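Trainee: For reference, the file structure07.txt (compact mmCIF, C-alpha atoms) is included below:
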# COMPACT_ATOMS: atom_id res chain seq x y z
CA MET A 23 15.20 -43.63 120.91
CA ARG A 24 12.46 -45.80 122.31
CA PHE A 25 13.42 -49.36 123.29
CA SER A 26 11.06 -52.32 123.27
CA PRO A 27 10.62 -53.85 126.78
CA PRO A 28 13.18 -56.68 126.46
CA LEU A 29 15.85 -54.35 125.07
CA ALA A 30 15.06 -51.71 127.69
CA LEU A 31 15.76 -54.29 130.40
CA ALA A 32 18.90 -55.64 128.76
CA ALA A 33 20.51 -52.37 127.66
CA PRO A 34 21.60 -51.17 131.16
CA LEU A 35 23.06 -54.62 131.91
CA LEU A 36 25.01 -54.70 128.64
CA LEU A 37 26.23 -51.12 129.10
CA GLY A 38 27.47 -51.82 132.63
CA LEU A 39 29.28 -54.94 131.55
CA LEU A 40 30.79 -53.16 128.55
CA LEU A 41 32.22 -50.44 130.79
CA SER A 42 33.87 -53.08 132.99
CA ALA A 43 35.26 -54.98 130.02
CA CYS A 44 38.33 -52.80 129.57
CA ALA A 45 40.06 -54.25 132.64
CA SER A 46 39.18 -57.86 131.85
CA SER A 47 41.29 -60.47 130.12
CA GLY A 48 38.46 -62.97 129.59
CA SER A 49 37.47 -66.17 131.34
CA THR A 50 37.64 -69.56 129.61
CA ASP A 51 37.84 -71.66 132.78
CA LEU A 52 35.09 -74.31 133.03
CA ALA A 53 36.46 -76.10 136.11
CA ARG A 54 33.53 -74.95 138.28
CA ALA A 55 31.06 -76.25 135.69
CA GLU A 56 32.89 -79.58 135.38
CA ALA A 57 32.66 -80.08 139.16
CA ASP A 58 28.84 -80.00 138.75
CA PRO A 59 27.85 -79.04 142.34
CA TRP A 60 24.18 -78.90 141.28
CA GLU A 61 24.12 -82.41 139.82
CA LYS A 62 21.15 -83.61 141.86
CA SER A 63 18.79 -80.86 140.68
CA ASN A 64 20.32 -80.92 137.19
CA ARG A 65 19.43 -84.59 136.81
CA ARG A 66 15.82 -83.80 137.72
CA VAL A 67 15.61 -81.10 135.03
CA HIS A 68 17.35 -83.46 132.59
CA ALA A 69 14.71 -86.11 133.29
CA PHE A 70 11.95 -83.50 132.76
CA ASN A 71 13.50 -82.48 129.44
CA LYS A 72 13.68 -86.11 128.34
CA GLY A 73 9.98 -86.54 129.06
CA LEU A 74 9.11 -83.33 127.24
CA ASP A 75 11.22 -84.43 124.29
CA ARG A 76 9.73 -87.92 124.22
CA TRP A 77 6.11 -86.81 124.26
CA VAL A 78 6.24 -83.45 122.45
CA MET A 79 9.44 -82.40 120.71
CA LYS A 80 10.49 -85.64 119.07
CA PRO A 81 7.01 -86.53 117.71
CA VAL A 82 6.60 -83.02 116.28
CA THR A 83 10.09 -83.12 114.75
CA SER A 84 9.51 -86.61 113.35
CA GLY A 85 6.35 -85.34 111.68
CA TYR A 86 8.29 -82.41 110.24
CA ARG A 87 10.92 -84.79 108.87
CA ALA A 88 8.27 -87.09 107.41
CA VAL A 89 6.64 -84.35 105.31
CA THR A 90 9.76 -82.31 104.47
CA PRO A 91 12.40 -83.57 102.01
CA LYS A 92 16.02 -83.35 103.14
CA PRO A 93 16.97 -80.56 100.66
CA VAL A 94 14.15 -78.43 102.06
CA ARG A 95 15.26 -79.16 105.64
CA THR A 96 18.79 -78.11 104.70
CA ALA A 97 17.46 -74.89 103.18
CA VAL A 98 15.49 -74.16 106.38
CA THR A 99 18.62 -74.76 108.49
CA ASN A 100 20.60 -72.41 106.25
CA ALA A 101 17.89 -69.75 106.46
CA TYR A 102 17.77 -69.86 110.26
CA GLY A 103 21.57 -69.74 110.36
CA ASN A 104 21.58 -66.64 108.17
CA TYR A 105 18.85 -65.10 110.34
CA GLY A 106 21.20 -65.43 113.32
CA GLU A 107 24.15 -63.68 111.68
CA PRO A 108 23.23 -60.15 112.91
CA ALA A 109 23.40 -61.46 116.50
CA ASN A 110 26.79 -63.02 115.72
CA PHE A 111 27.92 -59.66 114.34
CA LEU A 112 26.70 -57.80 117.46
CA ASN A 113 28.44 -60.18 119.87
CA SER A 114 31.66 -60.09 117.85
CA MET A 115 31.65 -56.29 118.08
CA LEU A 116 30.97 -56.41 121.85
CA GLN A 117 33.95 -58.75 122.21
CA SER A 118 36.20 -56.41 120.17
CA LYS A 119 36.60 -59.11 117.49
CA PHE A 120 36.29 -56.53 114.75
CA ALA A 121 37.85 -58.55 111.93
CA GLN A 122 35.53 -61.46 112.74
CA ALA A 123 32.55 -59.10 112.94
CA PHE A 124 33.14 -57.86 109.40
CA ARG A 125 33.70 -61.40 108.12
CA THR A 126 30.29 -62.20 109.60
CA LEU A 127 28.76 -59.14 107.95
CA ASP A 128 30.33 -60.18 104.65
CA ARG A 129 28.92 -63.69 105.06
CA PHE A 130 25.45 -62.31 105.83
CA LEU A 131 25.43 -60.09 102.75
CA ILE A 132 26.65 -62.90 100.48
CA ASN A 133 24.07 -65.41 101.70
CA SER A 134 21.25 -62.86 101.77
CA THR A 135 21.85 -62.02 98.09
CA LEU A 136 23.60 -64.83 96.22
CA GLY A 137 22.15 -67.36 98.66
CA ILE A 138 18.56 -66.09 98.14
CA ALA A 139 17.72 -64.92 101.67
CA GLY A 140 20.07 -67.48 103.15
CA VAL A 141 18.43 -70.68 101.92
CA MET A 142 21.76 -71.57 100.27
CA ASP A 143 25.05 -71.31 102.15
CA VAL A 144 27.13 -69.78 99.36
CA ALA A 145 29.46 -67.94 101.75
CA THR A 146 31.05 -71.07 103.21
CA ASN A 147 32.17 -72.18 99.76
CA LEU A 148 33.63 -68.70 99.22
CA GLY A 149 35.77 -68.90 102.37
CA ARG A 150 33.37 -67.34 104.87
CA PRO A 151 32.36 -70.11 107.30
CA ARG A 152 29.93 -69.33 110.12
CA GLU A 153 31.54 -67.94 113.29
CA ALA A 154 28.83 -68.18 115.93
CA GLU A 155 28.89 -65.94 119.01
CA ASP A 156 26.38 -65.46 121.80
CA PHE A 157 25.98 -63.29 124.89
CA GLY A 158 27.39 -66.01 127.14
CA GLN A 159 30.60 -65.93 125.11
CA THR A 160 30.55 -62.15 125.35
CA LEU A 161 30.37 -62.30 129.16
CA ALA A 162 33.24 -64.81 129.15
CA ARG A 163 35.27 -62.42 127.01
CA TRP A 164 34.57 -59.70 129.59
CA GLY A 165 35.90 -61.91 132.40
CA VAL A 166 32.64 -63.24 133.90
CA LYS A 167 33.30 -66.77 135.22
CA SER A 168 31.17 -69.69 134.07
CA GLY A 169 29.70 -70.67 137.44
CA PRO A 170 28.28 -74.16 137.96
CA TYR A 171 26.96 -76.38 135.20
CA MET A 172 23.17 -76.24 135.00
CA VAL A 173 20.45 -77.82 132.90
CA LEU A 174 17.73 -75.41 131.78
CA PRO A 175 14.15 -76.55 131.20
CA LEU A 176 13.62 -77.01 127.44
CA PHE A 177 16.97 -75.35 126.52
CA GLY A 178 19.12 -78.10 128.08
CA PRO A 179 22.83 -77.93 129.06
CA SER A 180 24.28 -74.60 130.09
CA THR A 181 26.25 -72.88 132.84
CA LEU A 182 25.08 -70.25 135.30
CA ARG A 183 26.68 -67.51 133.16
CA ASP A 184 25.22 -68.82 129.89
CA GLY A 185 21.87 -69.63 131.47
CA ILE A 186 21.42 -66.05 132.69
CA MET A 187 22.11 -64.80 129.17
CA THR A 188 19.84 -67.30 127.38
CA PRO A 189 16.80 -64.96 127.56
CA VAL A 190 19.00 -62.14 126.21
CA ASP A 191 20.07 -64.35 123.29
CA PHE A 192 16.43 -65.16 122.66
CA PHE A 193 14.89 -61.69 122.99
CA VAL A 194 17.71 -59.27 122.10
CA ASP A 195 18.04 -60.36 118.49
CA PRO A 196 18.86 -57.67 115.91
CA ALA A 197 17.14 -59.69 113.17
CA ASP A 198 13.94 -59.80 115.21
CA PHE A 199 14.03 -56.04 115.84
CA ALA A 200 14.55 -55.30 112.15
CA ARG A 201 11.79 -57.71 111.12
CA ASN A 202 9.33 -56.27 113.64
CA ALA A 203 10.15 -52.67 112.67
CA TRP A 204 9.76 -53.24 108.92
CA LEU A 205 7.06 -55.91 108.67
CA HIS A 206 5.10 -55.51 111.92
CA PRO A 207 4.22 -59.24 112.08
CA GLY A 208 1.55 -60.44 114.47
CA TRP A 209 2.29 -62.61 117.48
CA GLY A 210 1.23 -65.68 115.54
CA VAL A 211 4.05 -65.14 113.04
CA ARG A 212 6.57 -64.41 115.79
CA ILE A 213 5.65 -67.57 117.71
CA ALA A 214 5.79 -69.61 114.49
CA VAL A 215 9.31 -68.34 113.71
CA ALA A 216 10.49 -69.12 117.26
CA GLY A 217 8.83 -72.54 117.21
CA GLY A 218 10.37 -73.31 113.84
CA ARG A 219 13.78 -72.47 115.27
CA VAL A 220 13.29 -75.02 118.08
CA ILE A 221 12.09 -77.73 115.68
CA ASN A 222 14.99 -77.03 113.33
CA PHE A 223 17.45 -77.38 116.23
CA ARG A 224 15.83 -80.68 117.27
CA ASN A 225 16.06 -81.89 113.68
CA THR A 226 19.78 -81.01 113.64
CA LEU A 227 20.35 -83.24 116.67
CA ILE A 228 18.77 -86.15 114.81
CA GLU A 229 20.70 -85.55 111.60
CA THR A 230 24.08 -85.24 113.36
CA GLY A 231 23.59 -88.53 115.21
CA ALA A 232 23.41 -86.98 118.69
CA ASP A 233 20.05 -88.67 119.28
CA LYS A 234 21.39 -92.17 118.71
CA LEU A 235 24.53 -91.49 120.71
CA LEU A 236 22.51 -90.46 123.78
CA ALA A 237 20.10 -93.38 123.34
CA ASP A 238 23.01 -95.86 123.36
CA SER A 239 24.63 -94.35 126.46
CA LEU A 240 24.34 -95.96 129.90
CA ASP A 241 24.30 -92.48 131.49
CA ASP A 242 22.98 -89.95 129.00
CA TYR A 243 23.16 -87.13 131.56
CA THR A 244 26.94 -87.50 131.98
CA LEU A 245 27.45 -87.92 128.23
CA ALA A 246 25.39 -84.81 127.42
CA LYS A 247 27.26 -82.77 130.04
CA SER A 248 30.68 -83.90 128.81
CA ALA A 249 29.85 -83.29 125.15
CA TRP A 250 28.39 -79.86 125.85
CA LEU A 251 31.34 -78.72 127.98
CA GLN A 252 33.83 -79.88 125.33
CA ARG A 253 31.92 -77.99 122.65
CA ARG A 254 31.62 -74.90 124.87
CA ARG A 255 35.34 -74.91 125.62
CA LEU A 256 36.06 -75.03 121.90
CA GLN A 257 33.72 -72.07 121.32
CA LEU A 258 35.34 -70.02 124.10
CA PHE A 259 38.75 -70.53 122.48
CA ASP A 260 37.35 -69.68 119.00
CA GLY A 261 38.02 -73.21 117.78
CA GLN A 262 41.75 -73.11 118.65
CA LEU A 263 42.40 -74.94 121.92
CA PRO A 264 45.79 -74.23 123.51
CA ALA A 265 47.97 -77.32 123.99
CA GLU A 266 47.26 -77.52 127.73
CA GLU A 267 43.50 -77.58 127.04
CA ASP A 268 43.58 -80.00 124.08
CA PRO A 269 43.67 -83.68 125.12
CA PHE A 270 44.68 -84.67 121.57
CA ALA A 271 47.54 -82.18 121.19
CA GLU A 272 51.03 -83.50 120.52
CA PRO A 273 53.35 -83.06 123.51
CA ALA A 274 55.69 -80.13 123.14
CA GLU A 275 59.23 -81.06 122.15
CA GLU A 276 61.90 -80.13 124.64
CA PRO A 277 64.82 -78.14 123.23
CA PRO A 278 68.03 -80.19 122.90
CA ALA A 279 70.36 -79.89 125.85
CA GLU A 280 73.39 -77.73 125.27
CA PRO A 281 76.72 -79.56 125.46
CA PRO A 282 78.80 -78.71 128.52
CA LYS A 283 81.24 -75.90 127.93
CA ALA A 284 84.88 -76.90 127.91
CA GLU A 285 86.89 -75.41 130.75
CA PRO A 286 89.83 -73.24 129.64
CA PRO A 287 93.24 -74.90 130.15
CA LYS A 288 94.97 -74.02 133.39
CA PRO A 289 98.17 -72.03 133.03
Any chance you could put this one into structure tokens?
Mentor:
Amino acid sequence: MRFSPPLALAAPLLLGLLLSACASSGSTDLARAEADPWEKSNRRVHAFNKGLDRWVMKPVTSGYRAVTPKPVRTAVTNAYGNYGEPANFLNSMLQSKFAQAFRTLDRFLINSTLGIAGVMDVATNLGRPREAEDFGQTLARWGVKSGPYMVLPLFGPSTLRDGIMTPVDFFVDPADFARNAWLHPGWGVRIAVAGGRVINFRNTLIETGADKLLADSLDDYTLAKSAWLQRRRLQLFDGQLPAEEDPFAEPAEEPPAEPPKAEPPKP
């Protein structure tokens, strides 16, 4: 088998980590990231990203929103979500989440057929919600610690572990490999698909209210870090935080104390 260059670089790394996974119990600890030892440099990258967003990303996304009706934007979001399902399937398999992997495969097949290439999210209504996984989560499952919090240029909040795997998420995409093998698109098409993914993500931030929330914050860096770490923790626990990790969990009830045993009468 002949690998394309990105996969040829990533395959030995993934194989080595997979072989070491058997002895690992996973790592969900984000304490090192919360300490933020790289805050000074992170704030500089955050400021750069804000400038890039202000002068490039937001104007382009605003133009997209102005010429695209909301139902069409929703269809585009659904299509990109469906396009990412093979990567979710791959990461679920690498994490030994086999039941989840086949739920993801089921979801992909439903939306690719009944949902007309994914433009409609039929699977969610049929009890197959999206279960997103990425290579950073896979490394966490294999016991690789998060490392410090870091802000990536363009991509934004991350950790050292997730930041290292961001290029792998971007380039080692089963859907991309299948598309390139079957359709042989030119680089113009590939760049357009990748650019559309970025614009769609930026549009999602606007539609979910994240934009306004950050704009109203006195310290948008701290707010973005806190929100991202909370979301990442939830992802690492597959949406089910244990009581000690969940600030909103009800305190555990203590078992009732047993009544003292009566001493036997003395003879």
Trainee: In Å, how far is it from CA of Asp233 in chain A to CA of Arg254 in chain A?
Mentor: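 Separation of CA of Asp233 in chain A and CA of Arg254 in chain A: 18.8 Å.
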Trainee: Counting all atoms listed in the file, select every polymer residue within 12 Å of (34.5, -71.2, 122.4) as defined in the file's coordinates, and provide the selection as a ChimeraX atom specification.
Mentor: /A:48-52,153-163,250-264,267
Trainee: Could you tell me which of A:Asn110, A:Thr96, A:Lys80, A:Gly217 comes closest to Val194 in chain A if we count all atoms listed in the file?
Mentor: A:Asn110
Trainee: Provide the CA of Leu182 in chain A to CA of Pro151 in chain A distance in Å, to one decimal place.
Mentor: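 If I compute the distance from CA of Leu182 in chain A to CA of Pro151 in chain A, I get 28.9 Å.
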Trainee: Would you please work out which residue, of A:Ala53, A:Thr226, A:Tyr86, A:Tyr102, is nearest to Asp198 in chain A when using only C-alpha atoms?
Mentor: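 Of A:Ala53, A:Thr226, A:Tyr86, A:Tyr102, the one nearest Asp198 in chain A, counting only C-alpha atoms, is A:Tyr102.
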Trainee: Excluding same-chain residues fewer than 6 positions from Phe192 in chain A, what lies within 12 Å of it counting only C-alpha atoms, as a list of chain:residue names?
Mentor: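 The neighbour list is A:Pro28, A:Leu29, A:Ala32, A:Gly106, A:Ala109, A:Asp156, A:Phe157, A:Gly158, A:Phe177, A:Asp184, A:Gly185, A:Ile186, A:Asp198, A:Phe199, A:Val215, A:Ala216, A:Gly217, A:Arg219, A:Val220.
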Trainee: CA of Leu227 in chain A and CA of Trp60 in chain A, how far apart in Å?
Mentor: 25.3 Å
Trainee: Using only C-alpha atoms, which of A:Val78, A:Pro207, A:Phe111, A:Met142 sits nearest Val94 in chain A?
Mentor: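 The shortest atom-to-atom distance to Val94 in chain A comes from A:Met142.
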